[in-house]
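Content type mmCIF, C-alpha atoms, from the file structure_5.cif:
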```cif
data_structure
loop_
_atom_site.label_atom_id
_atom_site.label_comp_id
_atom_site.auth_asym_id
_atom_site.auth_seq_id
_atom_site.Cartn_x
_atom_site.Cartn_y
_atom_site.Cartn_z
CA MET A 5 1.94 -43.48 -44.34
CA VAL A 6 1.26 -46.35 -41.96
CA SER A 7 4.45 -48.33 -41.57
CA THR A 8 4.63 -50.40 -38.40
CA GLU A 9 2.37 -53.26 -37.35
CA TYR A 10 1.32 -51.12 -34.38
CA GLU A 11 0.25 -48.30 -36.69
CA ARG A 12 -1.64 -50.77 -38.90
CA ARG A 13 -3.61 -52.04 -35.89
CA ILE A 14 -4.45 -48.49 -34.81
CA ALA A 15 -5.53 -47.63 -38.37
CA ALA A 16 -7.90 -50.61 -38.32
CA ARG A 17 -9.68 -49.02 -35.33
CA PHE A 18 -10.43 -45.93 -37.41
CA ALA A 19 -13.39 -47.58 -39.16
CA GLY A 20 -15.11 -48.10 -35.83
CA PHE A 21 -15.38 -44.35 -35.39
CA ASP A 22 -16.13 -43.46 -39.01
CA GLN A 23 -19.83 -44.30 -38.62
CA ASP A 24 -20.86 -43.01 -42.05
CA GLY A 25 -17.85 -44.41 -43.93
CA ASN A 26 -16.91 -41.10 -45.52
CA GLY A 27 -13.21 -41.43 -44.77
CA TYR A 28 -12.93 -39.17 -41.76
CA ILE A 29 -14.19 -38.90 -38.19
CA ASP A 30 -16.19 -35.85 -37.24
CA ARG A 31 -18.81 -34.68 -34.77
CA GLU A 32 -21.54 -36.23 -36.95
CA ASP A 33 -20.03 -39.68 -36.42
CA PHE A 34 -20.37 -39.21 -32.67
CA ASN A 35 -23.93 -37.96 -33.07
CA ALA A 36 -24.77 -40.97 -35.26
CA ALA A 37 -23.33 -43.32 -32.64
CA THR A 38 -25.39 -41.60 -29.94
CA LYS A 39 -28.59 -41.83 -31.98
CA ALA A 40 -27.98 -45.51 -32.70
CA VAL A 41 -27.49 -46.39 -29.01
CA LEU A 42 -30.54 -44.38 -27.97
CA ALA A 43 -32.66 -46.05 -30.67
CA GLU A 44 -31.46 -49.52 -29.64
CA PHE A 45 -32.63 -48.94 -26.08
CA ASP A 46 -35.70 -46.87 -27.01
CA THR A 47 -34.39 -43.93 -24.99
CA ALA A 48 -35.53 -40.42 -25.82
CA ALA A 49 -32.84 -37.94 -26.82
CA ARG A 50 -34.39 -35.34 -24.50
CA SER A 51 -34.39 -37.66 -21.48
CA ASP A 52 -31.72 -37.27 -18.82
CA LYS A 53 -29.93 -40.39 -20.10
CA GLY A 54 -30.23 -39.22 -23.70
CA GLN A 55 -28.84 -35.80 -22.90
CA ALA A 56 -25.99 -37.33 -20.89
CA LEU A 57 -25.09 -39.52 -23.86
CA TYR A 58 -25.03 -36.52 -26.21
CA VAL A 59 -22.91 -34.54 -23.73
CA GLY A 60 -20.57 -37.53 -23.36
CA ALA A 61 -20.30 -37.90 -27.13
CA GLU A 62 -19.44 -34.22 -27.51
CA ALA A 63 -16.79 -34.47 -24.78
CA PHE A 64 -15.35 -37.56 -26.46
CA TRP A 65 -15.31 -35.79 -29.84
CA GLN A 66 -13.62 -32.72 -28.37
CA GLY A 67 -10.99 -34.82 -26.62
CA MET A 68 -10.26 -36.86 -29.72
CA ALA A 69 -10.16 -33.78 -31.94
CA GLY A 70 -7.77 -32.14 -29.49
CA ILE A 71 -5.43 -35.10 -29.77
CA ALA A 72 -5.71 -35.96 -33.45
CA ASP A 73 -7.12 -33.09 -35.56
CA ARG A 74 -3.78 -31.57 -36.46
CA ASP A 75 -5.03 -29.18 -39.16
CA GLY A 76 -8.00 -27.92 -37.12
CA ASP A 77 -10.62 -28.61 -39.81
CA GLN A 78 -12.95 -30.41 -37.37
CA ARG A 79 -12.37 -33.69 -39.19
CA ILE A 80 -9.94 -36.44 -38.31
CA THR A 81 -8.48 -38.26 -41.27
CA ARG A 82 -7.19 -41.81 -41.01
CA GLU A 83 -3.63 -40.46 -41.00
CA GLU A 84 -4.43 -37.96 -38.24
CA PHE A 85 -6.08 -40.73 -36.21
CA VAL A 86 -3.06 -43.00 -36.57
CA ASN A 87 -0.62 -40.22 -35.78
CA GLY A 88 -2.70 -38.97 -32.85
CA ALA A 89 -3.01 -42.42 -31.33
CA VAL A 90 0.55 -43.48 -32.03
CA LYS A 91 2.37 -40.32 -31.07
CA ARG A 92 0.20 -39.03 -28.23
CA LEU A 93 -1.38 -42.06 -26.62
CA ARG A 94 1.23 -44.79 -26.85
CA ASP A 95 2.87 -43.73 -23.61
CA ASN A 96 -0.41 -43.05 -21.81
CA PRO A 97 -3.24 -45.36 -22.91
CA ASP A 98 -5.31 -44.34 -19.89
CA ARG A 99 -5.60 -40.86 -21.41
CA PHE A 100 -7.73 -42.23 -24.24
CA GLY A 101 -9.93 -44.06 -21.75
CA GLU A 102 -10.41 -40.83 -19.80
CA ILE A 103 -11.36 -38.93 -22.95
CA ALA A 104 -13.98 -41.61 -23.69
CA ARG A 105 -15.18 -41.97 -20.08
CA PRO A 106 -18.14 -39.52 -20.24
CA PHE A 107 -19.53 -41.25 -23.33
CA LEU A 108 -18.87 -44.74 -21.98
CA HIS A 109 -20.45 -43.84 -18.63
CA ALA A 110 -23.56 -42.49 -20.33
CA ALA A 111 -23.78 -45.44 -22.75
CA LEU A 112 -23.65 -47.85 -19.81
CA ALA A 113 -26.41 -45.87 -18.09
CA VAL A 114 -28.59 -46.16 -21.20
CA ALA A 115 -27.85 -49.88 -21.50
CA ASP A 116 -28.43 -50.53 -17.78
CA THR A 117 -32.11 -51.29 -18.15
CA ASP A 118 -32.58 -52.51 -14.58
CA GLY A 119 -30.77 -49.53 -13.01
CA ASP A 120 -28.31 -51.57 -10.97
CA GLY A 121 -25.27 -49.56 -12.05
CA ALA A 122 -23.88 -52.03 -14.58
CA ALA A 123 -24.82 -53.44 -17.95
CA THR A 124 -25.27 -57.13 -18.56
CA VAL A 125 -23.18 -58.85 -21.20
CA GLU A 126 -26.30 -59.00 -23.38
CA GLU A 127 -26.88 -55.25 -22.98
CA ALA A 128 -23.24 -54.60 -23.91
CA VAL A 129 -23.73 -56.71 -27.05
CA ARG A 130 -26.67 -54.48 -27.97
CA VAL A 131 -24.57 -51.33 -27.51
CA LEU A 132 -21.76 -52.74 -29.63
CA ARG A 133 -24.15 -53.83 -32.38
CA ALA A 134 -25.73 -50.37 -32.36
CA LEU A 135 -22.25 -48.95 -32.89
CA GLY A 136 -21.78 -51.12 -35.96
CA VAL A 137 -19.86 -54.05 -34.51
CA PRO A 138 -20.86 -57.32 -36.26
CA ASP A 139 -22.93 -59.75 -34.15
CA GLY A 140 -20.28 -62.41 -33.60
CA VAL A 141 -17.58 -59.89 -32.78
CA ALA A 142 -19.93 -57.97 -30.48
CA ALA A 143 -20.69 -61.12 -28.48
CA VAL A 144 -17.02 -62.01 -28.06
CA ALA A 145 -16.07 -58.42 -27.21
CA ALA A 146 -18.87 -58.02 -24.66
CA ALA A 147 -17.94 -61.28 -22.96
CA ALA A 148 -14.32 -60.09 -22.78
CA LEU A 149 -15.46 -56.85 -21.12
CA ASP A 150 -16.80 -58.88 -18.21
CA THR A 151 -13.33 -59.29 -16.73
CA ASP A 152 -14.52 -60.66 -13.39
CA ALA A 153 -17.06 -63.03 -15.04
CA ASP A 154 -19.96 -61.84 -12.89
CA GLY A 155 -22.26 -61.26 -15.88
CA ARG A 156 -22.18 -57.51 -15.32
CA ILE A 157 -20.01 -54.88 -16.95
CA GLY A 158 -19.15 -51.77 -15.00
CA GLU A 159 -17.56 -48.50 -15.99
CA THR A 160 -14.07 -49.42 -14.83
CA GLU A 161 -14.08 -52.59 -16.94
CA VAL A 162 -15.28 -50.71 -20.01
CA VAL A 163 -12.91 -47.74 -19.73
CA THR A 164 -9.87 -49.95 -19.13
CA SER A 165 -10.74 -52.30 -21.98
CA PHE A 166 -11.52 -49.41 -24.30
CA ALA A 167 -8.18 -47.77 -23.62
CA ARG A 168 -6.33 -51.02 -24.25
CA TYR A 169 -8.21 -51.75 -27.47
CA PHE A 170 -7.61 -48.36 -29.04
CA THR A 171 -4.06 -47.94 -27.80
CA VAL A 172 -2.76 -51.42 -28.46
CA PRO A 173 0.84 -51.90 -27.40
CA GLU A 174 3.56 -52.57 -29.94
#
```
Take the structure I supplied and represent it as structure tokens, if you would.
Amino acid sequence: MVSTEYERRIAARFAGFDQDGNGYIDREDFNAATKAVLAEFDTAARSDKGQALYVGAEAFWQGMAGIADRDGDQRITREEFVNGAVKRLRDNPDRFGEIARPFLHAALAVADTDGDGAATVEEAVRVLRALGVPDGVAAVAAAALDTDADGRIGETEVVTSFARYFTVPE
């Protein structure tokens, strides 16, 4: 049961991962997210960037499952997600960012259409929308990712922000 405000906020993050809305997070949710990002940027799955995104998604899934899938059924329920985040990541939010890093790195590479090593705020909005974030929220979130206000979003900004968002402090 979710009891604290902290746990309620973590539970709200669950829906962002449950891409198909079936009530649990599994490998298919990560594959769906990968396909959506690749489709948004018209990137072939068999391209180097496409393969890197799939590899990053698998690494992210494995890391998350290792933290949260307590019964080993290869599915993370809402309760497992809350307990995994609350009990294992509260004291080390950077751990969650590191688990996500391969996927985030590859997603930035796909979004980086000009190849300069960073995504623009507009490209980040496209990634977020592809992942199911509503338009208005995606725009605000992408702008917030640009912590140095240079119009470009690099890996460090994304990983740090991601870790903070999913491991919100009490």
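Here the question is which of A:Val137, A:Val59, A:Leu132, A:Met68 gets nearest to Gly101 in chain A using all atoms listed in the file, and that residue is A:Met68.
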Written as a PDB file with C-alpha atoms, in the coordinates of the input, what is the full residue list that the PyMOL selection byres ((chain A and resi 43) around 12) yields on the file shown?
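So out-v4.pdb came out as:
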```pdb
ATOM      1  CA  ALA A  36     -24.770 -40.970 -35.260  1.00  0.00           C
ATOM      2  CA  ALA A  37     -23.330 -43.320 -32.640  1.00  0.00           C
ATOM      3  CA  THR A  38     -25.390 -41.600 -29.940  1.00  0.00           C
ATOM      4  CA  LYS A  39     -28.590 -41.830 -31.980  1.00  0.00           C
ATOM      5  CA  ALA A  40     -27.980 -45.510 -32.700  1.00  0.00           C
ATOM      6  CA  VAL A  41     -27.490 -46.390 -29.010  1.00  0.00           C
ATOM      7  CA  LEU A  42     -30.540 -44.380 -27.970  1.00  0.00           C
ATOM      8  CA  GLU A  44     -31.460 -49.520 -29.640  1.00  0.00           C
ATOM      9  CA  PHE A  45     -32.630 -48.940 -26.080  1.00  0.00           C
ATOM     10  CA  ASP A  46     -35.700 -46.870 -27.010  1.00  0.00           C
ATOM     11  CA  THR A  47     -34.390 -43.930 -24.990  1.00  0.00           C
ATOM     12  CA  ALA A  48     -35.530 -40.420 -25.820  1.00  0.00           C
ATOM     13  CA  ALA A  49     -32.840 -37.940 -26.820  1.00  0.00           C
ATOM     14  CA  GLY A  54     -30.230 -39.220 -23.700  1.00  0.00           C
ATOM     15  CA  ALA A 111     -23.780 -45.440 -22.750  1.00  0.00           C
ATOM     16  CA  VAL A 114     -28.590 -46.160 -21.200  1.00  0.00           C
ATOM     17  CA  ALA A 115     -27.850 -49.880 -21.500  1.00  0.00           C
ATOM     18  CA  ARG A 130     -26.670 -54.480 -27.970  1.00  0.00           C
ATOM     19  CA  VAL A 131     -24.570 -51.330 -27.510  1.00  0.00           C
ATOM     20  CA  ARG A 133     -24.150 -53.830 -32.380  1.00  0.00           C
ATOM     21  CA  ALA A 134     -25.730 -50.370 -32.360  1.00  0.00           C
ATOM     22  CA  LEU A 135     -22.250 -48.950 -32.890  1.00  0.00           C
TER      23      LEU A 135
END
```
Neighbours of Ala72 in chain A within 8 Å (only C-alpha atoms; same-chain residues fewer than 4 positions away dropped), as a PyMOL selection string?
chain A and resi 68+80+84-85+87-89
Residues matched by the PyMOL selection byres ((chain A and resi 142) around 9), written as a PyMOL selection string
chain A and resi 128-133+136-141+143-147
Preceding selection exported with C-alpha atoms as a compact mmCIF listing (two decimals), in the frame of the given file:
```txt
# COMPACT_ATOMS: atom_id res chain seq x y z
CA ALA A 128 -23.24 -54.60 -23.91
CA VAL A 129 -23.73 -56.71 -27.05
CA ARG A 130 -26.67 -54.48 -27.97
CA VAL A 131 -24.57 -51.33 -27.51
CA LEU A 132 -21.76 -52.74 -29.63
CA ARG A 133 -24.15 -53.83 -32.38
CA GLY A 136 -21.78 -51.12 -35.96
CA VAL A 137 -19.86 -54.05 -34.51
CA PRO A 138 -20.86 -57.32 -36.26
CA ASP A 139 -22.93 -59.75 -34.15
CA GLY A 140 -20.28 -62.41 -33.60
CA VAL A 141 -17.58 -59.89 -32.78
CA ALA A 143 -20.69 -61.12 -28.48
CA VAL A 144 -17.02 -62.01 -28.06
CA ALA A 145 -16.07 -58.42 -27.21
CA ALA A 146 -18.87 -58.02 -24.66
CA ALA A 147 -17.94 -61.28 -22.96
```
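With all atoms listed in the file as the basis for measurement, A:Gln78 is the residue among A:Gln78, A:Ser165, A:Thr160, A:Asn96 that approaches Asp33 in chain A most closely.
For the atom pair formed by CA of Asn35 in chain A and CA of Gly60 in chain A, the distance is 10.3 Å, given to one decimal.
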Report the residues retrieved by the PyMOL selection byres ((chain A and resi 156) around 6) from the displayed file, expressed as a PyMOL selection string.
chain A and resi 122-124+154-155+157
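With CA of Gly20 in chain A on one side and CA of Leu112 in chain A on the other, the separation reads 18.2 Å.
Between CA of Ser51 in chain A and CA of Ile29 in chain A there is a distance of 26.2 Å.
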Write out as a list of chain:residue names each polymer residue whose atoms come within 8 Å of Glu161 in chain A, counting all atoms listed in the file; drop sequence neighbours fewer than 6 positions from it.
A:Leu149, A:Asp150, A:Thr151
Please, can range 77-88 of chain A be completed to all heavy atoms and returned as an mmCIF file, keeping the file's coordinate frame?
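The file below, out.cif, is the result:
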```
data_model
loop_
_atom_site.group_PDB
_atom_site.id
_atom_site.type_symbol
_atom_site.label_atom_id
_atom_site.label_comp_id
_atom_site.auth_asym_id
_atom_site.auth_seq_id
_atom_site.Cartn_x
_atom_site.Cartn_y
_atom_site.Cartn_z
ATOM 1 N N ASP A 77 -9.468 -28.714 -38.911
ATOM 2 C CA ASP A 77 -10.620 -28.610 -39.810
ATOM 3 C C ASP A 77 -11.873 -29.295 -39.270
ATOM 4 O O ASP A 77 -12.866 -29.421 -39.967
ATOM 5 C CB ASP A 77 -10.283 -29.134 -41.202
ATOM 6 C CG ASP A 77 -10.018 -30.634 -41.237
ATOM 7 O OD1 ASP A 77 -9.963 -31.277 -40.159
ATOM 8 O OD2 ASP A 77 -9.852 -31.164 -42.359
ATOM 9 N N GLN A 78 -11.824 -29.727 -38.020
ATOM 10 C CA GLN A 78 -12.950 -30.410 -37.370
ATOM 11 C C GLN A 78 -13.277 -31.753 -38.012
ATOM 12 O O GLN A 78 -14.401 -32.231 -37.937
ATOM 13 C CB GLN A 78 -14.190 -29.511 -37.319
ATOM 14 C CG GLN A 78 -14.006 -28.274 -36.456
ATOM 15 C CD GLN A 78 -13.776 -28.628 -34.999
ATOM 16 O OE1 GLN A 78 -14.616 -29.238 -34.363
ATOM 17 N NE2 GLN A 78 -12.619 -28.260 -34.463
ATOM 18 N N ARG A 79 -12.272 -32.345 -38.635
ATOM 19 C CA ARG A 79 -12.370 -33.690 -39.190
ATOM 20 C C ARG A 79 -11.057 -34.395 -38.914
ATOM 21 O O ARG A 79 -9.991 -33.792 -39.033
ATOM 22 C CB ARG A 79 -12.633 -33.665 -40.699
ATOM 23 C CG ARG A 79 -13.944 -33.048 -41.059
ATOM 24 C CD ARG A 79 -14.307 -33.298 -42.486
ATOM 25 N NE ARG A 79 -13.485 -32.498 -43.391
ATOM 26 C CZ ARG A 79 -13.657 -32.485 -44.706
ATOM 27 N NH1 ARG A 79 -14.573 -33.233 -45.265
ATOM 28 N NH2 ARG A 79 -12.914 -31.730 -45.467
ATOM 29 N N ILE A 80 -11.146 -35.662 -38.572
ATOM 30 C CA ILE A 80 -9.940 -36.440 -38.310
ATOM 31 C C ILE A 80 -9.808 -37.460 -39.439
ATOM 32 O O ILE A 80 -10.663 -38.335 -39.607
ATOM 33 C CB ILE A 80 -10.026 -37.159 -36.948
ATOM 34 C CG1 ILE A 80 -10.181 -36.133 -35.827
ATOM 35 C CG2 ILE A 80 -8.794 -38.036 -36.726
ATOM 36 C CD1 ILE A 80 -10.537 -36.734 -34.478
ATOM 37 N N THR A 81 -8.747 -37.305 -40.204
ATOM 38 C CA THR A 81 -8.480 -38.260 -41.270
ATOM 39 C C THR A 81 -7.874 -39.527 -40.667
ATOM 40 O O THR A 81 -7.470 -39.551 -39.496
ATOM 41 C CB THR A 81 -7.479 -37.689 -42.295
ATOM 42 O OG1 THR A 81 -6.226 -37.468 -41.624
ATOM 43 C CG2 THR A 81 -7.995 -36.389 -42.910
ATOM 44 N N ARG A 82 -7.806 -40.559 -41.467
ATOM 45 C CA ARG A 82 -7.190 -41.810 -41.010
ATOM 46 C C ARG A 82 -5.756 -41.545 -40.560
ATOM 47 O O ARG A 82 -5.313 -42.024 -39.518
ATOM 48 C CB ARG A 82 -7.246 -42.841 -42.137
ATOM 49 C CG ARG A 82 -6.709 -44.185 -41.762
ATOM 50 C CD ARG A 82 -6.947 -45.149 -42.951
ATOM 51 N NE ARG A 82 -6.370 -46.435 -42.718
ATOM 52 C CZ ARG A 82 -5.149 -46.786 -43.098
ATOM 53 N NH1 ARG A 82 -4.380 -45.935 -43.752
ATOM 54 N NH2 ARG A 82 -4.683 -47.984 -42.837
ATOM 55 N N GLU A 83 -5.019 -40.760 -41.336
ATOM 56 C CA GLU A 83 -3.630 -40.460 -41.000
ATOM 57 C C GLU A 83 -3.538 -39.684 -39.684
ATOM 58 O O GLU A 83 -2.687 -39.976 -38.838
ATOM 59 C CB GLU A 83 -2.970 -39.671 -42.121
ATOM 60 C CG GLU A 83 -1.503 -39.388 -41.852
ATOM 61 C CD GLU A 83 -0.834 -38.651 -43.002
ATOM 62 O OE1 GLU A 83 -1.395 -38.595 -44.105
ATOM 63 O OE2 GLU A 83 0.265 -38.134 -42.767
ATOM 64 N N GLU A 84 -4.429 -38.706 -39.495
ATOM 65 C CA GLU A 84 -4.430 -37.960 -38.240
ATOM 66 C C GLU A 84 -4.757 -38.867 -37.066
ATOM 67 O O GLU A 84 -4.167 -38.742 -35.989
ATOM 68 C CB GLU A 84 -5.442 -36.811 -38.297
ATOM 69 C CG GLU A 84 -5.005 -35.644 -39.156
ATOM 70 C CD GLU A 84 -6.079 -34.592 -39.290
ATOM 71 O OE1 GLU A 84 -7.278 -34.941 -39.393
ATOM 72 O OE2 GLU A 84 -5.729 -33.392 -39.287
ATOM 73 N N PHE A 85 -5.709 -39.789 -37.266
ATOM 74 C CA PHE A 85 -6.080 -40.730 -36.210
ATOM 75 C C PHE A 85 -4.883 -41.595 -35.822
ATOM 76 O O PHE A 85 -4.562 -41.745 -34.649
ATOM 77 C CB PHE A 85 -7.246 -41.595 -36.671
ATOM 78 C CG PHE A 85 -7.738 -42.563 -35.634
ATOM 79 C CD1 PHE A 85 -8.592 -42.138 -34.630
ATOM 80 C CD2 PHE A 85 -7.370 -43.893 -35.668
ATOM 81 C CE1 PHE A 85 -9.064 -43.026 -33.670
ATOM 82 C CE2 PHE A 85 -7.837 -44.783 -34.725
ATOM 83 C CZ PHE A 85 -8.683 -44.353 -33.722
ATOM 84 N N VAL A 86 -4.228 -42.153 -36.830
ATOM 85 C CA VAL A 86 -3.060 -43.000 -36.570
ATOM 86 C C VAL A 86 -1.978 -42.203 -35.863
ATOM 87 O O VAL A 86 -1.449 -42.628 -34.839
ATOM 88 C CB VAL A 86 -2.517 -43.616 -37.879
ATOM 89 C CG1 VAL A 86 -1.180 -44.303 -37.646
ATOM 90 C CG2 VAL A 86 -3.526 -44.588 -38.457
ATOM 91 N N ASN A 87 -1.671 -41.032 -36.390
ATOM 92 C CA ASN A 87 -0.620 -40.220 -35.780
ATOM 93 C C ASN A 87 -1.000 -39.763 -34.380
ATOM 94 O O ASN A 87 -0.162 -39.752 -33.484
ATOM 95 C CB ASN A 87 -0.277 -39.023 -36.662
ATOM 96 C CG ASN A 87 0.437 -39.426 -37.926
ATOM 97 O OD1 ASN A 87 1.099 -40.462 -37.972
ATOM 98 N ND2 ASN A 87 0.285 -38.636 -38.957
ATOM 99 N N GLY A 88 -2.255 -39.388 -34.172
ATOM 100 C CA GLY A 88 -2.700 -38.970 -32.850
ATOM 101 C C GLY A 88 -2.592 -40.086 -31.840
ATOM 102 O O GLY A 88 -2.087 -39.914 -30.733
#
```
